[in-house]
file upload_1.pdb (PDB, C-alpha atoms and all ligand atoms)
ATOM      1  CA  MET O 832       0.000   0.000   0.000
ATOM      2  CA  THR O 833       0.942   3.624  -0.063
ATOM      3  CA  GLY O 834       2.603   5.759   2.589
ATOM      4  CA  MET O 835       2.112   9.337   1.482
ATOM      5  CA  THR O 836      -0.627  11.400   3.097
ATOM      6  CA  VAL O 837      -2.316  13.874   0.821
ATOM      7  CA  ASP O 838      -4.250  16.814   2.199
ATOM      8  CA  LEU O 839      -6.565  17.081  -0.769
ATOM      9  CA  THR O 840      -7.969  20.477   0.184
ATOM     10  CA  ASN O 841      -4.491  21.995   0.196
ATOM     11  CA  TYR O 842      -3.502  20.019  -2.879
ATOM     12  CA  LEU O 843      -6.498  21.299  -4.833
ATOM     13  CA  ARG O 844      -5.949  24.845  -3.627
ATOM     14  CA  SER O 845      -2.264  24.931  -4.579
ATOM     15  CA  ARG O 846      -2.831  23.331  -8.000
ATOM     16  CA  GLN O 847      -5.818  25.599  -8.727
ATOM     17  CA  ALA O 848      -3.608  28.608  -7.954
ATOM     18  CA  LEU O 849      -0.863  27.284 -10.237
ATOM     19  CA  VAL O 850      -3.299  26.679 -13.099
ATOM     20  CA  ASN O 851      -5.086  30.012 -12.633
ATOM     21  CA  GLN O 852      -1.787  31.902 -12.622
ATOM     22  CA  SER O 853      -0.714  30.154 -15.782
ATOM     23  CA  LEU O 854      -4.079  30.726 -17.518
ATOM     24  CA  GLU O 855      -3.889  34.418 -16.569
ATOM     25  CA  ALA O 856      -0.513  34.638 -18.279
ATOM     26  CA  PHE O 857      -1.889  33.157 -21.519
ATOM     27  CA  PHE O 858      -4.827  35.578 -21.618
ATOM     28  CA  THR O 859      -3.319  38.911 -20.560
ATOM     29  CA  SER O 860      -3.318  42.008 -22.721
ATOM     30  CA  PRO O 861      -5.741  41.873 -25.669
ATOM     31  CA  PRO O 862      -4.632  43.341 -28.983
ATOM     32  CA  PRO O 863      -6.450  46.591 -29.860
ATOM     33  CA  GLY O 864      -9.971  45.923 -31.086
ATOM     34  CA  LEU O 865     -10.206  42.538 -29.313
ATOM     35  CA  GLU O 866     -10.863  43.842 -25.806
ATOM     36  CA  ASN O 867     -14.421  42.491 -25.696
ATOM     37  CA  HIS O 868     -13.409  39.103 -27.134
ATOM     38  CA  PHE O 869     -10.704  38.704 -24.498
ATOM     39  CA  ALA O 870     -13.084  39.911 -21.796
ATOM     40  CA  ALA O 871     -15.593  37.204 -22.821
ATOM     41  CA  MET O 872     -12.935  34.460 -22.876
ATOM     42  CA  ARG O 873     -11.515  35.601 -19.517
ATOM     43  CA  TYR O 874     -14.983  35.894 -17.984
ATOM     44  CA  SER O 875     -15.714  32.209 -18.559
ATOM     45  CA  LEU O 876     -12.195  30.856 -18.177
ATOM     46  CA  LEU O 877     -11.117  32.701 -15.039
ATOM     47  CA  GLY O 878     -14.437  32.991 -13.245
ATOM     48  CA  GLY O 879     -14.471  29.802 -11.194
ATOM     49  CA  GLY O 880     -14.514  26.098 -11.934
ATOM     50  CA  LYS O 881     -12.943  23.213 -10.061
ATOM     51  CA  ARG O 882     -10.020  22.824 -12.519
ATOM     52  CA  ILE O 883     -10.412  19.045 -12.324
ATOM     53  CA  ARG O 884      -8.942  18.344 -15.769
ATOM     54  CA  PRO O 885      -5.740  20.412 -15.390
ATOM     55  CA  ILE O 886      -5.251  19.113 -11.838
ATOM     56  CA  LEU O 887      -5.655  15.516 -13.027
ATOM     57  CA  CYS O 888      -3.083  16.264 -15.714
ATOM     58  CA  LEU O 889      -0.595  17.624 -13.157
ATOM     59  CA  ALA O 890      -1.262  14.757 -10.724
ATOM     60  CA  ALA O 891      -0.775  12.114 -13.440
ATOM     61  CA  ALA O 892       2.560  13.685 -14.351
ATOM     62  CA  GLU O 893       3.575  13.643 -10.680
ATOM     63  CA  ALA O 894       2.579   9.977 -10.407
ATOM     64  CA  ILE O 895       5.000   9.128 -13.212
ATOM     65  CA  HIS O 896       7.820  11.504 -12.335
ATOM     66  CA  PRO O 897       7.486  13.109  -8.882
ATOM     67  CA  THR O 898       9.914  15.939  -9.583
ATOM     68  CA  VAL O 899       8.632  16.774 -13.050
ATOM     69  CA  ASP O 900       8.956  20.477 -13.863
ATOM     70  CA  SER O 901       5.472  22.012 -13.799
ATOM     71  CA  ASP O 902       6.379  24.127 -16.867
ATOM     72  CA  THR O 903       6.527  20.870 -18.840
ATOM     73  CA  VAL O 904       2.947  19.976 -17.948
ATOM     74  CA  LEU O 905       1.173  23.327 -17.501
ATOM     75  CA  PRO O 906       0.670  24.107 -21.216
ATOM     76  CA  PHE O 907      -1.299  20.845 -21.585
ATOM     77  CA  ALA O 908      -3.129  21.363 -18.286
ATOM     78  CA  CYS O 909      -4.156  24.904 -19.298
ATOM     79  CA  ALA O 910      -5.140  23.810 -22.802
ATOM     80  CA  LEU O 911      -7.464  21.162 -21.314
ATOM     81  CA  GLU O 912      -9.174  23.830 -19.211
ATOM     82  CA  CYS O 913      -9.546  26.092 -22.276
ATOM     83  CA  ILE O 914     -11.186  23.245 -24.214
ATOM     84  CA  HIS O 915     -13.433  22.355 -21.289
ATOM     85  CA  THR O 916     -14.505  26.000 -20.838
ATOM     86  CA  TYR O 917     -15.258  26.334 -24.554
ATOM     87  CA  SER O 918     -17.504  23.260 -24.316
ATOM     88  CA  LEU O 919     -19.396  24.756 -21.383
ATOM     89  CA  ILE O 920     -19.895  28.087 -23.193
ATOM     90  CA  HIS O 921     -21.263  26.368 -26.299
ATOM     91  CA  ASP O 922     -23.318  23.863 -24.300
ATOM     92  CA  ASP O 923     -25.060  26.755 -22.499
ATOM     93  CA  LEU O 924     -26.118  28.488 -25.732
ATOM     94  CA  PRO O 925     -29.817  28.775 -26.634
ATOM     95  CA  ALA O 926     -29.306  26.305 -29.502
ATOM     96  CA  MET O 927     -28.101  23.682 -27.005
ATOM     97  CA  ASP O 928     -29.038  23.629 -23.303
ATOM     98  CA  ASP O 929     -30.069  27.299 -23.118
ATOM     99  CA  ASP O 930     -28.793  27.916 -19.591
ATOM    100  CA  ASP O 931     -28.538  31.227 -17.743
ATOM    101  CA  LEU O 932     -26.208  30.208 -14.941
ATOM    102  CA  ARG O 933     -22.728  28.650 -14.986
ATOM    103  CA  ARG O 934     -20.034  28.608 -12.325
ATOM    104  CA  GLY O 935     -22.304  30.653 -10.096
ATOM    105  CA  ARG O 936     -22.845  33.533 -12.490
ATOM    106  CA  LEU O 937     -24.452  34.476 -15.782
ATOM    107  CA  THR O 938     -23.510  32.275 -18.727
ATOM    108  CA  CYS O 939     -21.225  33.814 -21.330
ATOM    109  CA  HIS O 940     -24.019  34.499 -23.843
ATOM    110  CA  LYS O 941     -26.225  36.096 -21.168
ATOM    111  CA  LYS O 942     -23.390  38.429 -20.249
ATOM    112  CA  PHE O 943     -21.837  39.156 -23.669
ATOM    113  CA  GLY O 944     -24.480  38.137 -26.213
ATOM    114  CA  GLU O 945     -24.733  35.037 -28.371
ATOM    115  CA  ALA O 946     -22.299  35.930 -31.150
ATOM    116  CA  ALA O 947     -19.614  36.987 -28.664
ATOM    117  CA  ALA O 948     -20.109  33.750 -26.694
ATOM    118  CA  ILE O 949     -19.778  31.559 -29.791
ATOM    119  CA  LEU O 950     -16.566  33.379 -30.672
ATOM    120  CA  ALA O 951     -15.276  33.181 -27.083
ATOM    121  CA  GLY O 952     -15.697  29.394 -27.303
ATOM    122  CA  ASP O 953     -13.984  29.298 -30.696
ATOM    123  CA  GLY O 954     -11.169  31.479 -29.363
ATOM    124  CA  LEU O 955     -10.580  29.257 -26.339
ATOM    125  CA  LEU O 956     -10.591  26.069 -28.417
ATOM    126  CA  THR O 957      -8.036  27.343 -30.889
ATOM    127  CA  MET O 958      -5.894  29.029 -28.231
ATOM    128  CA  ALA O 959      -5.616  25.619 -26.557
ATOM    129  CA  PHE O 960      -3.784  24.262 -29.580
ATOM    130  CA  GLU O 961      -1.587  27.348 -29.868
ATOM    131  CA  ILE O 962      -0.603  27.015 -26.201
ATOM    132  CA  MET O 963       0.259  23.323 -26.545
ATOM    133  CA  SER O 964       2.269  23.708 -29.729
ATOM    134  CA  ALA O 965       4.097  26.935 -28.858
ATOM    135  CA  ALA O 966       5.844  25.868 -25.661
ATOM    136  CA  SER O 967       9.625  25.705 -25.888
ATOM    137  CA  THR O 968      10.051  23.498 -22.804
ATOM    138  CA  PRO O 969      10.127  19.664 -22.781
ATOM    139  CA  PRO O 970       8.583  17.229 -23.673
ATOM    140  CA  PRO O 971      10.351  16.637 -27.003
ATOM    141  CA  ALA O 972       8.423  17.423 -30.204
ATOM    142  CA  GLU O 973       7.499  13.785 -30.877
ATOM    143  CA  ILE O 974       5.817  13.404 -27.471
ATOM    144  CA  ARG O 975       4.264  16.857 -27.704
ATOM    145  CA  LEU O 976       2.704  15.891 -31.038
ATOM    146  CA  ARG O 977       1.348  12.652 -29.576
ATOM    147  CA  ILE O 978      -0.241  14.543 -26.676
ATOM    148  CA  ILE O 979      -1.761  17.187 -28.970
ATOM    149  CA  GLY O 980      -3.147  14.408 -31.165
ATOM    150  CA  LEU O 981      -4.775  12.557 -28.298
ATOM    151  CA  ILE O 982      -6.283  15.742 -26.844
ATOM    152  CA  ALA O 983      -7.626  16.710 -30.297
ATOM    153  CA  ARG O 984      -9.215  13.276 -30.681
ATOM    154  CA  ALA O 985     -10.740  13.419 -27.196
ATOM    155  CA  ALA O 986     -12.200  16.888 -27.831
ATOM    156  CA  GLY O 987     -13.466  16.276 -31.377
ATOM    157  CA  PRO O 988     -16.000  14.114 -33.200
ATOM    158  CA  MET O 989     -14.526  10.876 -31.801
ATOM    159  CA  GLY O 990     -14.821  12.282 -28.283
ATOM    160  CA  MET O 991     -16.574  15.229 -26.661
ATOM    161  CA  VAL O 992     -18.149  16.779 -29.771
ATOM    162  CA  GLY O 993     -19.336  13.333 -30.911
ATOM    163  CA  GLY O 994     -20.798  12.725 -27.442
ATOM    164  CA  GLN O 995     -22.655  16.011 -27.592
ATOM    165  CA  VAL O 996     -24.036  15.116 -31.031
ATOM    166  CA  MET O 997     -25.230  11.747 -29.688
ATOM    167  CA  ASP O 998     -26.662  13.414 -26.599
ATOM    168  CA  LEU O 999     -28.729  15.828 -28.694
ATOM    169  CA  ALA O1000     -29.912  12.931 -30.863
ATOM    170  CA  CYS O1001     -31.140  11.128 -27.711
ATOM    171  CA  GLU O1002     -33.439  13.990 -26.674
ATOM    172  CA  GLY O1003     -37.067  12.943 -26.488
ATOM    173  CA  ARG O1004     -36.186   9.248 -27.089
ATOM    174  CA  ALA O1005     -36.108   6.269 -24.767
ATOM    175  CA  VAL O1006     -32.435   5.618 -24.032
ATOM    176  CA  ASP O1007     -31.006   2.430 -22.543
ATOM    177  CA  LEU O1008     -28.093   2.227 -20.145
ATOM    178  CA  ASP O1009     -25.669   1.059 -22.808
ATOM    179  CA  THR O1010     -26.375   4.077 -25.027
ATOM    180  CA  LEU O1011     -26.169   6.395 -22.015
ATOM    181  CA  ARG O1012     -22.779   4.959 -21.155
ATOM    182  CA  GLN O1013     -21.519   5.491 -24.704
ATOM    183  CA  VAL O1014     -22.696   9.121 -24.663
ATOM    184  CA  HIS O1015     -21.029   9.716 -21.286
ATOM    185  CA  GLU O1016     -17.787   8.058 -22.366
ATOM    186  CA  LYS O1017     -17.479  10.448 -25.279
ATOM    187  CA  LYS O1018     -19.038  13.617 -23.931
ATOM    188  CA  THR O1019     -17.340  13.672 -20.525
ATOM    189  CA  GLY O1020     -15.040  10.675 -20.185
ATOM    190  CA  ALA O1021     -12.852  11.276 -23.223
ATOM    191  CA  LEU O1022     -11.449  14.631 -22.072
ATOM    192  CA  LEU O1023     -10.945  13.395 -18.502
ATOM    193  CA  THR O1024      -9.063  10.361 -19.821
ATOM    194  CA  ALA O1025      -6.986  12.579 -22.103
ATOM    195  CA  SER O1026      -6.146  14.765 -19.083
ATOM    196  CA  VAL O1027      -4.352  11.966 -17.243
ATOM    197  CA  GLN O1028      -2.865  10.532 -20.452
ATOM    198  CA  ALA O1029      -1.413  13.936 -21.365
ATOM    199  CA  GLY O1030       0.155  14.452 -17.928
ATOM    200  CA  ALA O1031       1.600  10.951 -17.886
ATOM    201  CA  LEU O1032       3.094  11.255 -21.379
ATOM    202  CA  ALA O1033       4.527  14.712 -20.661
ATOM    203  CA  ALA O1034       6.315  13.207 -17.652
ATOM    204  CA  GLY O1035       7.861  10.416 -19.743
ATOM    205  CA  CYS O1036       5.600   7.477 -18.977
ATOM    206  CA  ASP O1037       6.300   3.993 -20.384
ATOM    207  CA  ASN O1038       3.735   1.887 -22.230
ATOM    208  CA  ASP O1039       2.607  -0.278 -19.301
ATOM    209  CA  ARG O1040       1.931   2.663 -17.061
ATOM    210  CA  PHE O1041       0.256   4.513 -19.932
ATOM    211  CA  GLN O1042      -2.216   1.615 -20.232
ATOM    212  CA  ALA O1043      -2.873   1.694 -16.485
ATOM    213  CA  ILE O1044      -3.333   5.477 -16.462
ATOM    214  CA  THR O1045      -5.759   5.114 -19.389
ATOM    215  CA  VAL O1046      -7.924   2.629 -17.455
ATOM    216  CA  PHE O1047      -7.771   4.967 -14.445
ATOM    217  CA  GLY O1048      -8.920   7.885 -16.638
ATOM    218  CA  GLU O1049     -11.771   5.921 -18.202
ATOM    219  CA  GLN O1050     -13.089   4.799 -14.832
ATOM    220  CA  ILE O1051     -12.919   8.226 -13.159
ATOM    221  CA  GLY O1052     -14.539   9.655 -16.303
ATOM    222  CA  LEU O1053     -17.427   7.259 -15.815
ATOM    223  CA  ALA O1054     -17.648   8.027 -12.088
ATOM    224  CA  PHE O1055     -17.518  11.772 -12.791
ATOM    225  CA  GLN O1056     -20.504  11.645 -15.102
ATOM    226  CA  ILE O1057     -22.495   9.284 -12.865
ATOM    227  CA  ILE O1058     -22.007  11.716  -9.969
ATOM    228  CA  ASP O1059     -22.834  14.649 -12.249
ATOM    229  CA  ASP O1060     -26.168  12.954 -13.015
ATOM    230  CA  LEU O1061     -26.730  12.320  -9.312
ATOM    231  CA  LEU O1062     -25.928  15.901  -8.260
ATOM    232  CA  ASP O1063     -28.461  17.193 -10.744
ATOM    233  CA  VAL O1064     -31.060  15.431  -8.571
ATOM    234  CA  THR O1065     -29.586  15.797  -5.087
ATOM    235  CA  ALA O1066     -27.753  19.161  -5.015
ATOM    236  CA  THR O1067     -29.021  22.722  -5.064
ATOM    237  CA  THR O1068     -28.498  25.368  -7.742
ATOM    238  CA  GLU O1069     -26.431  27.278  -5.190
ATOM    239  CA  GLN O1070     -24.110  24.317  -4.573
ATOM    240  CA  LEU O1071     -23.690  23.563  -8.262
ATOM    241  CA  GLY O1072     -23.425  27.125  -9.581
ATOM    242  CA  LYS O1073     -25.694  25.981 -12.418
ATOM    243  CA  LYS O1074     -29.364  25.075 -12.554
ATOM    244  CA  ALA O1075     -30.092  21.951 -10.488
ATOM    245  CA  GLY O1076     -32.802  19.602 -11.733
ATOM    246  CA  ALA O1077     -32.105  20.565 -15.342
ATOM    247  CA  ASP O1078     -31.792  16.945 -16.551
ATOM    248  CA  ALA O1079     -35.117  15.952 -15.021
ATOM    249  CA  SER O1080     -36.919  18.996 -16.408
ATOM    250  CA  ARG O1081     -35.557  18.153 -19.886
ATOM    251  CA  LYS O1082     -36.542  14.502 -19.319
ATOM    252  CA  LYS O1083     -32.967  13.438 -20.054
ATOM    253  CA  ALA O1084     -31.821   9.884 -19.572
ATOM    254  CA  THR O1085     -29.513   9.800 -16.553
ATOM    255  CA  TYR O1086     -28.217   7.132 -14.192
ATOM    256  CA  PRO O1087     -30.678   8.075 -11.396
ATOM    257  CA  ALA O1088     -33.553   8.056 -13.908
ATOM    258  CA  LEU O1089     -32.554   4.641 -15.285
ATOM    259  CA  VAL O1090     -31.313   2.742 -12.221
ATOM    260  CA  GLY O1091     -32.351   4.828  -9.173
ATOM    261  CA  ILE O1092     -30.253   6.774  -6.697
ATOM    262  CA  LYS O1093     -28.915   3.847  -4.637
ATOM    263  CA  GLU O1094     -27.694   1.879  -7.637
ATOM    264  CA  THR O1095     -26.252   5.081  -9.124
ATOM    265  CA  ARG O1096     -24.071   5.498  -6.021
ATOM    266  CA  THR O1097     -23.027   1.840  -6.183
ATOM    267  CA  ARG O1098     -21.954   2.249  -9.804
ATOM    268  CA  ALA O1099     -19.945   5.382  -9.040
ATOM    269  CA  ARG O1100     -18.203   3.543  -6.175
ATOM    270  CA  GLN O1101     -17.464   0.568  -8.446
ATOM    271  CA  ALA O1102     -15.955   2.803 -11.118
ATOM    272  CA  VAL O1103     -13.720   4.527  -8.565
ATOM    273  CA  ASP O1104     -12.662   1.154  -7.101
ATOM    274  CA  ASP O1105     -11.749   0.017 -10.626
ATOM    275  CA  ALA O1106      -9.834   3.247 -11.185
ATOM    276  CA  LEU O1107      -7.875   2.760  -7.953
ATOM    277  CA  HIS O1108      -7.185  -0.860  -8.833
ATOM    278  CA  ALA O1109      -5.591   0.265 -12.105
ATOM    279  CA  LEU O1110      -2.979   2.128 -10.032
ATOM    280  CA  ASP O1111      -2.051  -0.885  -7.884
ATOM    281  CA  ASN O1112       1.504  -0.969  -9.203
ATOM    282  CA  PHE O1113       2.090   2.756  -8.768
ATOM    283  CA  THR O1114       4.017   4.201  -5.826
ATOM    284  CA  GLU O1115       2.873   6.689  -3.226
ATOM    285  CA  HIS O1116       3.522   9.420  -5.784
ATOM    286  CA  ALA O1117       0.179   8.458  -7.288
ATOM    287  CA  ASP O1118      -1.607   9.265  -3.999
ATOM    288  CA  PRO O1119      -2.843  12.664  -5.246
ATOM    289  CA  LEU O1120      -4.412  10.855  -8.230
ATOM    290  CA  ARG O1121      -5.976   8.329  -5.859
ATOM    291  CA  GLU O1122      -7.371  11.130  -3.688
ATOM    292  CA  LEU O1123      -8.735  12.901  -6.767
ATOM    293  CA  ALA O1124     -10.598   9.722  -7.719
ATOM    294  CA  ARG O1125     -12.173   9.602  -4.246
ATOM    295  CA  PHE O1126     -13.002  13.306  -4.499
ATOM    296  CA  ILE O1127     -14.806  12.697  -7.785
ATOM    297  CA  GLU O1128     -16.989  10.095  -6.082
ATOM    298  CA  GLN O1129     -17.684  12.173  -2.977
ATOM    299  CA  ARG O1130     -17.990  15.646  -4.465
ATOM    300  CA  THR O1131     -21.044  17.722  -3.673
ATOM    301  CA  TYR O1132     -20.546  20.392  -6.371
TER     302      TYR O1132
HETATM  303  C1  LIG V   1     -20.718  21.954 -26.924
HETATM  304  C2  LIG V   1     -18.894  20.683 -28.119
HETATM  305  C3  LIG V   1     -19.754  20.831 -26.977
HETATM  306  C4  LIG V   1     -19.671  19.937 -26.012
HETATM  307  C5  LIG V   1     -20.411  20.039 -24.769
HETATM  308  C6  LIG V   1     -18.961  18.823 -21.801
HETATM  309  C7  LIG V   1     -20.171  19.156 -22.548
HETATM  310  C8  LIG V   1     -20.180  18.814 -23.978
HETATM  311  C9  LIG V   1     -21.218  19.792 -21.996
HETATM  312  C10 LIG V   1     -21.288  20.224 -20.626
HETATM  313  C11 LIG V   1     -22.592  19.799 -20.078
HETATM  314  C12 LIG V   1     -22.432  18.991 -18.878
HETATM  315  C13 LIG V   1     -23.015  19.590 -17.658
HETATM  316  C14 LIG V   1     -21.818  17.826 -18.906
HETATM  317  C15 LIG V   1     -21.683  17.015 -17.740
HETATM  318  C16 LIG V   1     -20.302  16.863 -17.211
HETATM  319  C17 LIG V   1     -19.567  18.119 -17.139
HETATM  320  C18 LIG V   1     -18.627  18.367 -18.230
HETATM  321  C19 LIG V   1     -19.743  18.936 -16.107
HETATM  322  C20 LIG V   1     -19.022  20.189 -15.913
HETATM  323  O1  LIG V   1     -17.697  19.944 -15.558
HETATM  324  P1  LIG V   1     -17.104  20.376 -14.151
HETATM  325  O2  LIG V   1     -17.973  19.881 -13.055
HETATM  326  O3  LIG V   1     -17.253  21.961 -14.244
HETATM  327  O4  LIG V   1     -15.663  19.976 -14.100
HETATM  328  P2  LIG V   1     -16.333  23.123 -13.641
HETATM  329  O5  LIG V   1     -17.204  24.343 -13.752
HETATM  330  O6  LIG V   1     -15.988  22.795 -12.216
HETATM  331  O7  LIG V   1     -15.126  23.221 -14.508
END

call {"tool": "encode", "arguments": {"input": "upload_1.pdb", "output": "structure tokens"}}
result
Amino acid sequence: MTGMTVDLTNYLRSRQALVNQSLEAFFTSPPPGLENHFAAMRYSLLGGGKRIRPILCLAAAEAIHPTVDSDTVLPFACALECIHTYSLIHDDLPAMDDDDLRRGRLTCHKKFGEAAAILAGDGLLTMAFEIMSAASTPPPAEIRLRIIGLIARAAGPMGMVGGQVMDLACEGRAVDLDTLRQVHEKKTGALLTASVQAGALAAGCDNDRFQAITVFGEQIGLAFQIIDDLLDVTATTEQLGKKAGADASRKKATYPALVGIKETRTRARQAVDDALHALDNFTEHADPLRELARFIEQRTY
């Protein structure tokens, strides 16, 4: 077993600060004429959020190489948050979920207007790839290219975008558990899996540990979405910073709707147990990753 004790609250706080500082640096002074575009991107990117994906990326790197230089990993970690934030902005648009509240405040389109919000999402998505490709620090170009490729695949039609397309196609239809799982794997799981894969690769991970980290990522991705479904039923709008009960009011297929609350919890626990099992051969340097998996199961927001 492991010997390192992780104070997750402090760990999350310190990594959030690191990521926020780094994101700030990538989105500082706007060129003349783009002040409003930068304000819209910054509003959504820097106005809250748990930073789960970048922190998973940093923790996976640490699990592989405990003294890895954070400058090696931060461009990927920040890019993942940019992609995630873009997806939230677009998901909130009237053409999709039409939400007014995100991260405890007005959604981007409510604050800046629809056209500005679409462009803020586009700007964040493309900036992610500029950030990842521009860095002059390690990893070497070959690894950098592999990471960029896997993040692109996880964000695009084979991953998150594809999951969103499938999700929209499911609206108003009876959906079985297998289909729901496929939607979740793509829409939410793919980017979470890519987050740990990217961190591990940036830190120089070998093939065996890459496979193990991939299983870990897939299982926490599943747990994350199961808990997201559950929180929609059990948490308040205030806790979530977005409208609670939205899935039920849209009659969406969710784990609680399909299997009930008790079984939903059991499935989240099973996924986290499977994720932890995948790290059996890792040292105590993977303890932050292990704690993050438990946090994903126990989170209340
Ligand atoms: C529009 C291309 C496109 C994709 C949208 C991710 C997504 C696909 C939509 C978001 C809708 C949603 C609520 C999905 C459930 C899981 C999820 C991604 C929750 C939000 O992530 P958190 O909890 O949010 O990490 P914070 O705000 O903490 O970053």

call {"tool": "residues_around", "arguments": {"input": "upload_1.pdb", "residues": "Lys1017 of chain O", "least_positions_apart": "6", "cutoff": "8 Å", "atoms": "only C-alpha atoms", "output": "PyMOL selection string"}}
result
chain O and resi 985+989-995

call {"tool": "resolve_selection", "arguments": {"input": "upload_1.pdb", "expression": "the PyMOL selection byres (((chain O and resi 949) around 9) and not hetatm)", "output": "PyMOL selection string"}}
result
chain O and resi 917+920-921+924+939-940+944-948+950-954

call {"tool": "resolve_selection", "arguments": {"input": "upload_1.pdb", "expression": "the PyMOL selection byres (((not hetatm)) within 7 of (chain V and resi 1))", "output": "count of residues only"}}
result
19

call {"tool": "residues_around", "arguments": {"input": "upload_1.pdb", "residues": "Gln847 of chain O", "least_positions_apart": "5", "cutoff": "12 Å", "atoms": "all atoms listed in the file", "output": "ChimeraX atom specification"}}
result
/O:839-842,852-855,877,879-890,905,908-909,912

call {"tool": "residues_around", "arguments": {"input": "upload_1.pdb", "residues": "Asp931 of chain O", "least_positions_apart": "4", "cutoff": "7 Å", "atoms": "only C-alpha atoms", "output": "PyMOL selection string"}}
result
chain O and resi 937-938+941

call {"tool": "write_last_selection", "arguments": {"input": "upload_1.pdb", "atoms": "C-alpha atoms", "output": "PDB file, keeping the file's coordinate frame"}}
result
ATOM      1  CA  LEU O 937     -24.452  34.476 -15.782  1.00  0.00           C
ATOM      2  CA  THR O 938     -23.510  32.275 -18.727  1.00  0.00           C
ATOM      3  CA  LYS O 941     -26.225  36.096 -21.168  1.00  0.00           C
TER       4      LYS O 941
END

call {"tool": "resolve_selection", "arguments": {"input": "upload_1.pdb", "expression": "the PyMOL selection byres (((chain O and resi 960-971) around 8) and not hetatm)", "output": "PyMOL selection string"}}
result
chain O and resi 857+902-903+906-907+910+956-959+972-976+979+1033-1035

call {"tool": "atom_distance", "arguments": {"input": "upload_1.pdb", "atom1": "atom CA of Ser1026 of chain O", "atom2": "atom CA of Asp1104 of chain O"}}
result
19.3 Å

call {"tool": "closest_residue", "arguments": {"input": "upload_1.pdb", "among": "O:Pro988, O:Gly1003, O:Pro863, O:Gly1052", "to": "Glu1016 of chain O", "atoms": "all atoms listed in the file"}}
result
O:Gly1052

call {"tool": "residues_near_point", "arguments": {"input": "upload_1.pdb", "point": "(2.9, 0.7, -17.6)", "cutoff": "12 Å", "atoms": "all atoms listed in the file", "output": "ChimeraX atom specification"}}
result
/O:894-895,1028,1031-1032,1035-1047,1109-1113

call {"tool": "closest_residue", "arguments": {"input": "upload_1.pdb", "among": "O:Leu843, O:Lys942, O:Tyr1132, O:Arg873", "to": "Glu1069 of chain O", "atoms": "only C-alpha atoms"}}
result
O:Tyr1132

call {"tool": "atom_distance", "arguments": {"input": "upload_1.pdb", "atom1": "atom CA of Gly1072 of chain O", "atom2": "atom CA of Asp923 of chain O"}}
result
13.0 Å

call {"tool": "closest_residue", "arguments": {"input": "upload_1.pdb", "among": "O:Arg933, O:Lys1082, O:Arg984, O:His1015", "to": "Thr1068 of chain O", "atoms": "all atoms listed in the file"}}
result
O:Arg933

call {"tool": "closest_residue", "arguments": {"input": "upload_1.pdb", "among": "O:Thr1067, O:Ser1080, O:Gln1050, O:Thr1085", "to": "Asp1009 of chain O", "atoms": "only C-alpha atoms"}}
result
O:Thr1085

call {"tool": "residues_near_point", "arguments": {"input": "upload_1.pdb", "point": "(-15.0, 7.7, -14.9)", "cutoff": "10 Å", "atoms": "all atoms listed in the file", "output": "list in words"}}
result
His1015, Glu1016, Thr1019, Gly1020, Ala1021, Leu1023, Thr1024, Val1046, Phe1047, Gly1048, Glu1049, Gln1050, Ile1051, Gly1052, Leu1053, Ala1054, Phe1055, Gln1056, Ile1057, Ile1058, Ala1099, Gln1101, Ala1102, Val1103, Asp1105, Ala1106, Ala1124, Ile1127 and Glu1128 of chain O

call {"tool": "residues_around", "arguments": {"input": "upload_1.pdb", "residues": "Ala870 of chain O", "least_positions_apart": "3", "cutoff": "10 Å", "atoms": "only C-alpha atoms", "output": "NGL selection string"}}
result
:O and (858-859 or 861 or 865-867 or 873-876 or 943 or 947 or 951)

call {"tool": "residues_around", "arguments": {"input": "upload_1.pdb", "residues": "Asp1060 of chain O", "least_positions_apart": "6", "cutoff": "8 Å", "atoms": "only C-alpha atoms", "output": "PDB file with C-alpha atoms, in the frame of the given file"}}
result
ATOM      1  CA  ASP O1078     -31.792  16.945 -16.551  1.00  0.00           C
ATOM      2  CA  THR O1085     -29.513   9.800 -16.553  1.00  0.00           C
ATOM      3  CA  TYR O1086     -28.217   7.132 -14.192  1.00  0.00           C
ATOM      4  CA  PRO O1087     -30.678   8.075 -11.396  1.00  0.00           C
TER       5      PRO O1087
END
